[in-house]
file final.pdb (PDB, C-alpha atoms)
ATOM      1  CA  MET A   1     125.113  38.565  98.397  1.00  0.00           C
ATOM      2  CA  ARG A   2     123.727  41.824  99.795  1.00  0.00           C
ATOM      3  CA  GLN A   3     120.401  41.945 101.506  1.00  0.00           C
ATOM      4  CA  PRO A   4     117.918  44.697 100.681  1.00  0.00           C
ATOM      5  CA  PRO A   5     117.496  47.358 103.348  1.00  0.00           C
ATOM      6  CA  SER A   6     114.953  46.633 106.022  1.00  0.00           C
ATOM      7  CA  PRO A   7     111.608  48.475 105.615  1.00  0.00           C
ATOM      8  CA  VAL A   8     111.570  49.114 109.378  1.00  0.00           C
ATOM      9  CA  PRO A   9     113.865  52.015 110.261  1.00  0.00           C
ATOM     10  CA  SER A  10     116.137  51.955 113.249  1.00  0.00           C
ATOM     11  CA  PRO A  11     114.839  53.712 116.398  1.00  0.00           C
ATOM     12  CA  ALA A  12     117.373  56.528 116.026  1.00  0.00           C
ATOM     13  CA  ALA A  13     116.342  57.214 112.402  1.00  0.00           C
ATOM     14  CA  ALA A  14     112.644  57.200 113.349  1.00  0.00           C
ATOM     15  CA  ALA A  15     113.234  59.620 116.242  1.00  0.00           C
ATOM     16  CA  ALA A  16     115.211  61.970 113.989  1.00  0.00           C
ATOM     17  CA  ARG A  17     112.458  61.946 111.404  1.00  0.00           C
ATOM     18  CA  LEU A  18     109.707  62.645 113.955  1.00  0.00           C
ATOM     19  CA  ALA A  19     111.563  65.348 115.887  1.00  0.00           C
ATOM     20  CA  PRO A  20     110.529  68.936 115.062  1.00  0.00           C
ATOM     21  CA  ARG A  21     112.874  70.561 112.608  1.00  0.00           C
ATOM     22  CA  ARG A  22     114.609  73.673 113.730  1.00  0.00           C
ATOM     23  CA  HIS A  23     115.904  75.969 111.061  1.00  0.00           C
ATOM     24  CA  ALA A  24     118.223  78.783 111.809  1.00  0.00           C
ATOM     25  CA  SER A  25     116.085  81.812 111.078  1.00  0.00           C
ATOM     26  CA  PRO A  26     117.770  85.050 110.144  1.00  0.00           C
ATOM     27  CA  PRO A  27     117.250  87.914 112.545  1.00  0.00           C
ATOM     28  CA  SER A  28     114.050  89.730 111.683  1.00  0.00           C
ATOM     29  CA  ARG A  29     114.824  93.016 110.000  1.00  0.00           C
ATOM     30  CA  MET A  30     112.604  95.624 108.476  1.00  0.00           C
ATOM     31  CA  PRO A  31     112.882  95.761 104.691  1.00  0.00           C
ATOM     32  CA  GLU A  32     114.821  98.685 103.334  1.00  0.00           C
ATOM     33  CA  PRO A  33     112.460 101.551 102.475  1.00  0.00           C
ATOM     34  CA  VAL A  34     112.136 102.486  98.823  1.00  0.00           C
ATOM     35  CA  GLN A  35     113.039 106.086  98.186  1.00  0.00           C
ATOM     36  CA  LEU A  36     111.198 107.575  95.246  1.00  0.00           C
ATOM     37  CA  PRO A  37     113.258 110.145  93.389  1.00  0.00           C
ATOM     38  CA  LEU A  38     112.207 113.720  93.978  1.00  0.00           C
ATOM     39  CA  PHE A  39     113.872 114.760  90.722  1.00  0.00           C
ATOM     40  CA  PRO A  40     113.728 111.834  88.291  1.00  0.00           C
ATOM     41  CA  ASP A  41     116.837 111.271  86.189  1.00  0.00           C
ATOM     42  CA  ARG A  42     115.010 109.524  83.318  1.00  0.00           C
ATOM     43  CA  ALA A  43     111.796 109.873  81.360  1.00  0.00           C
ATOM     44  CA  ALA A  44     110.010 107.985  78.601  1.00  0.00           C
ATOM     45  CA  LEU A  45     107.326 109.612  76.482  1.00  0.00           C
ATOM     46  CA  VAL A  46     105.219 108.545  73.496  1.00  0.00           C
ATOM     47  CA  ARG A  47     102.970 110.348  71.039  1.00  0.00           C
ATOM     48  CA  ILE A  48     100.635 108.096  69.079  1.00  0.00           C
ATOM     49  CA  ARG A  49      98.236 109.561  66.533  1.00  0.00           C
ATOM     50  CA  PRO A  50      97.001 106.830  64.163  1.00  0.00           C
ATOM     51  CA  GLU A  51      94.944 109.290  62.093  1.00  0.00           C
ATOM     52  CA  ARG A  52      98.237 111.025  61.166  1.00  0.00           C
ATOM     53  CA  ASN A  53     100.251 107.774  60.969  1.00  0.00           C
ATOM     54  CA  GLU A  54     102.388 109.125  63.832  1.00  0.00           C
ATOM     55  CA  TRP A  55     104.008 106.688  66.280  1.00  0.00           C
ATOM     56  CA  ARG A  56     106.831 108.466  68.130  1.00  0.00           C
ATOM     57  CA  PHE A  57     108.910 107.847  71.231  1.00  0.00           C
ATOM     58  CA  TYR A  58     111.197 110.126  73.227  1.00  0.00           C
ATOM     59  CA  ARG A  59     113.481 108.871  76.031  1.00  0.00           C
ATOM     60  CA  MET A  60     115.880 110.843  78.192  1.00  0.00           C
ATOM     61  CA  GLU A  61     118.363 109.764  80.854  1.00  0.00           C
ATOM     62  CA  VAL A  62     121.065 111.478  82.878  1.00  0.00           C
ATOM     63  CA  TRP A  63     124.404 109.661  82.664  1.00  0.00           C
ATOM     64  CA  PRO A  64     127.691 110.407  84.457  1.00  0.00           C
ATOM     65  CA  ASP A  65     130.680 110.900  82.194  1.00  0.00           C
ATOM     66  CA  LEU A  66     134.334 110.055  82.758  1.00  0.00           C
ATOM     67  CA  PHE A  67     135.296 113.608  83.717  1.00  0.00           C
ATOM     68  CA  GLY A  68     132.939 114.147  86.662  1.00  0.00           C
ATOM     69  CA  HIS A  69     130.286 115.928  84.613  1.00  0.00           C
ATOM     70  CA  ALA A  70     126.873 114.688  83.461  1.00  0.00           C
ATOM     71  CA  LEU A  71     125.362 113.895  80.077  1.00  0.00           C
ATOM     72  CA  LEU A  72     121.720 114.159  79.125  1.00  0.00           C
ATOM     73  CA  ALA A  73     121.122 111.286  76.690  1.00  0.00           C
ATOM     74  CA  ARG A  74     118.169 111.936  74.396  1.00  0.00           C
ATOM     75  CA  LEU A  75     116.784 109.132  72.220  1.00  0.00           C
ATOM     76  CA  TRP A  76     113.882 109.750  69.851  1.00  0.00           C
ATOM     77  CA  GLY A  77     112.275 108.434  66.704  1.00  0.00           C
ATOM     78  CA  ARG A  78     109.492 106.330  65.264  1.00  0.00           C
ATOM     79  CA  ILE A  79     108.359 103.407  67.432  1.00  0.00           C
ATOM     80  CA  GLY A  80     109.926 100.214  66.091  1.00  0.00           C
ATOM     81  CA  THR A  81     113.093 101.894  64.808  1.00  0.00           C
ATOM     82  CA  PRO A  82     116.424 102.457  66.580  1.00  0.00           C
ATOM     83  CA  GLY A  83     115.857 106.208  66.382  1.00  0.00           C
ATOM     84  CA  ARG A  84     118.433 108.936  66.902  1.00  0.00           C
ATOM     85  CA  VAL A  85     120.675 109.720  69.864  1.00  0.00           C
ATOM     86  CA  ARG A  86     121.962 113.045  71.143  1.00  0.00           C
ATOM     87  CA  LEU A  87     124.257 113.534  74.151  1.00  0.00           C
ATOM     88  CA  ASP A  88     124.143 116.985  75.774  1.00  0.00           C
ATOM     89  CA  PRO A  89     127.002 117.710  78.230  1.00  0.00           C
ATOM     90  CA  HIS A  90     126.194 119.512  81.499  1.00  0.00           C
ATOM     91  CA  PRO A  91     128.516 120.655  84.305  1.00  0.00           C
ATOM     92  CA  ASP A  92     126.796 118.486  86.943  1.00  0.00           C
ATOM     93  CA  ALA A  93     123.881 116.099  87.426  1.00  0.00           C
ATOM     94  CA  GLY A  94     121.639 118.864  88.827  1.00  0.00           C
ATOM     95  CA  ALA A  95     121.923 120.919  85.650  1.00  0.00           C
ATOM     96  CA  ALA A  96     121.211 117.827  83.545  1.00  0.00           C
ATOM     97  CA  VAL A  97     118.113 116.989  85.628  1.00  0.00           C
ATOM     98  CA  ASN A  98     116.880 120.585  85.228  1.00  0.00           C
ATOM     99  CA  ALA A  99     117.326 120.330  81.456  1.00  0.00           C
ATOM    100  CA  LEU A 100     115.489 116.993  81.470  1.00  0.00           C
ATOM    101  CA  ALA A 101     112.547 118.505  83.375  1.00  0.00           C
ATOM    102  CA  ARG A 102     112.418 121.462  80.978  1.00  0.00           C
ATOM    103  CA  LEU A 103     112.370 119.149  77.930  1.00  0.00           C
ATOM    104  CA  VAL A 104     109.690 116.881  79.468  1.00  0.00           C
ATOM    105  CA  ARG A 105     107.438 119.905  80.051  1.00  0.00           C
ATOM    106  CA  ALA A 106     107.901 121.023  76.430  1.00  0.00           C
ATOM    107  CA  LYS A 107     107.204 117.534  75.067  1.00  0.00           C
ATOM    108  CA  ARG A 108     104.045 117.181  77.165  1.00  0.00           C
ATOM    109  CA  ARG A 109     102.791 120.500  75.775  1.00  0.00           C
ATOM    110  CA  ARG A 110     103.289 119.051  72.282  1.00  0.00           C
ATOM    111  CA  GLY A 111     101.116 116.017  73.031  1.00  0.00           C
ATOM    112  CA  TYR A 112     103.576 113.439  74.349  1.00  0.00           C
ATOM    113  CA  GLN A 113     102.334 111.241  77.195  1.00  0.00           C
ATOM    114  CA  ASP A 114     104.290 109.440  79.919  1.00  0.00           C
ATOM    115  CA  ARG A 115     105.155 105.829  79.267  1.00  0.00           C
ATOM    116  CA  PRO A 116     106.308 103.470  82.035  1.00  0.00           C
ATOM    117  CA  LEU A 117     110.046 102.713  81.907  1.00  0.00           C
TER     118      LEU A 117
END

call {"tool": "encode", "arguments": {"input": "final.pdb", "output": "structure tokens"}}
result
Amino acid sequence: MRQPPSPVPSPAAAAARLAPRRHASPPSRMPEPVQLPLFPDRAALVRIRPERNEWRFYRMEVWPDLFGHALLARLWGRIGTPGRVRLDPHPDAGAAVNALARLVRAKRRRGYQDRPL
């Protein structure tokens, strides 16, 4: 028949439990800085006018395509619906970002406001 373990630990077990624990700490490094984009490659806008029963969204993003060019993806419609999608091809990402900035300025003039992504 087996005897239950003794409630008094052995001296080696007690010493191990009382010894300070040493964890291998990783070398201290500075966190990587966050670079905010100077020319954003996406935007989300909304225009809400309850008095006109108007609840609209407009999203734009710059996507790379398979041929080394860039696409400006434009999604718009009534909030709560899938909306419509339009893909505008551009020769490079810079041209697509310029088009995005131009469209954002025009939408803001028409009453759209920025919405967090």

call {"tool": "resolve_selection", "arguments": {"input": "final.pdb", "expression": "the PyMOL selection byres ((chain A and resi 100-109) around 8)", "output": "PDB file with C-alpha atoms, in the coordinates of the input"}}
result
ATOM      1  CA  ASP A  41     116.837 111.271  86.189  1.00  0.00           C
ATOM      2  CA  ARG A  42     115.010 109.524  83.318  1.00  0.00           C
ATOM      3  CA  ALA A  43     111.796 109.873  81.360  1.00  0.00           C
ATOM      4  CA  MET A  60     115.880 110.843  78.192  1.00  0.00           C
ATOM      5  CA  GLU A  61     118.363 109.764  80.854  1.00  0.00           C
ATOM      6  CA  VAL A  62     121.065 111.478  82.878  1.00  0.00           C
ATOM      7  CA  LEU A  72     121.720 114.159  79.125  1.00  0.00           C
ATOM      8  CA  ALA A  96     121.211 117.827  83.545  1.00  0.00           C
ATOM      9  CA  VAL A  97     118.113 116.989  85.628  1.00  0.00           C
ATOM     10  CA  ASN A  98     116.880 120.585  85.228  1.00  0.00           C
ATOM     11  CA  ALA A  99     117.326 120.330  81.456  1.00  0.00           C
ATOM     12  CA  ARG A 110     103.289 119.051  72.282  1.00  0.00           C
ATOM     13  CA  GLY A 111     101.116 116.017  73.031  1.00  0.00           C
ATOM     14  CA  TYR A 112     103.576 113.439  74.349  1.00  0.00           C
ATOM     15  CA  GLN A 113     102.334 111.241  77.195  1.00  0.00           C
TER      16      GLN A 113
END

call {"tool": "resolve_selection", "arguments": {"input": "final.pdb", "expression": "the PyMOL selection byres ((chain A and resi 78) around 7)", "output": "PyMOL selection string"}}
result
chain A and resi 55-57+77+79-81+83

call {"tool": "closest_residue", "arguments": {"input": "final.pdb", "among": "A:Glu32, A:Asp92, A:Arg84, A:Tyr58", "to": "A:Leu45", "atoms": "only C-alpha atoms"}}
result
A:Tyr58

call {"tool": "closest_residue", "arguments": {"input": "final.pdb", "among": "A:Arg115, A:Pro89, A:Gly94, A:Leu75", "to": "A:Pro40", "atoms": "all atoms listed in the file"}}
result
A:Gly94

call {"tool": "atom_distance", "arguments": {"input": "final.pdb", "atom1": "atom CA of A:Leu117", "atom2": "atom CA of A:Arg59"}}
result
9.2 Å

call {"tool": "closest_residue", "arguments": {"input": "final.pdb", "among": "A:Asn53, A:Leu71, A:Leu66, A:Leu38", "to": "A:Ala93", "atoms": "all atoms listed in the file"}}
result
A:Leu71

call {"tool": "atom_distance", "arguments": {"input": "final.pdb", "atom1": "atom CA of A:Trp63", "atom2": "atom CA of A:Arg86"}}
result
12.3 Å

call {"tool": "closest_residue", "arguments": {"input": "final.pdb", "among": "A:Arg74, A:Pro91, A:Arg47, A:Gly68", "to": "A:Asp114", "atoms": "all atoms listed in the file"}}
result
A:Arg47

call {"tool": "closest_residue", "arguments": {"input": "final.pdb", "among": "A:Phe39, A:Pro116, A:Pro31, A:Leu87", "to": "A:Pro64", "atoms": "all atoms listed in the file"}}
result
A:Leu87

call {"tool": "atom_distance", "arguments": {"input": "final.pdb", "atom1": "atom CA of A:Ala70", "atom2": "atom CA of A:Pro82"}}
result
23.3 Å

call {"tool": "axis_aligned_box", "arguments": {"input": "final.pdb", "around": "stretch 71-74 of chain A", "padding_each_side": "4 Å", "output": "JSON"}}
result
{"center_x": 121.8, "center_y": 112.7, "center_z": 77.2, "size_x": 15.2, "size_y": 10.9, "size_z": 13.7}
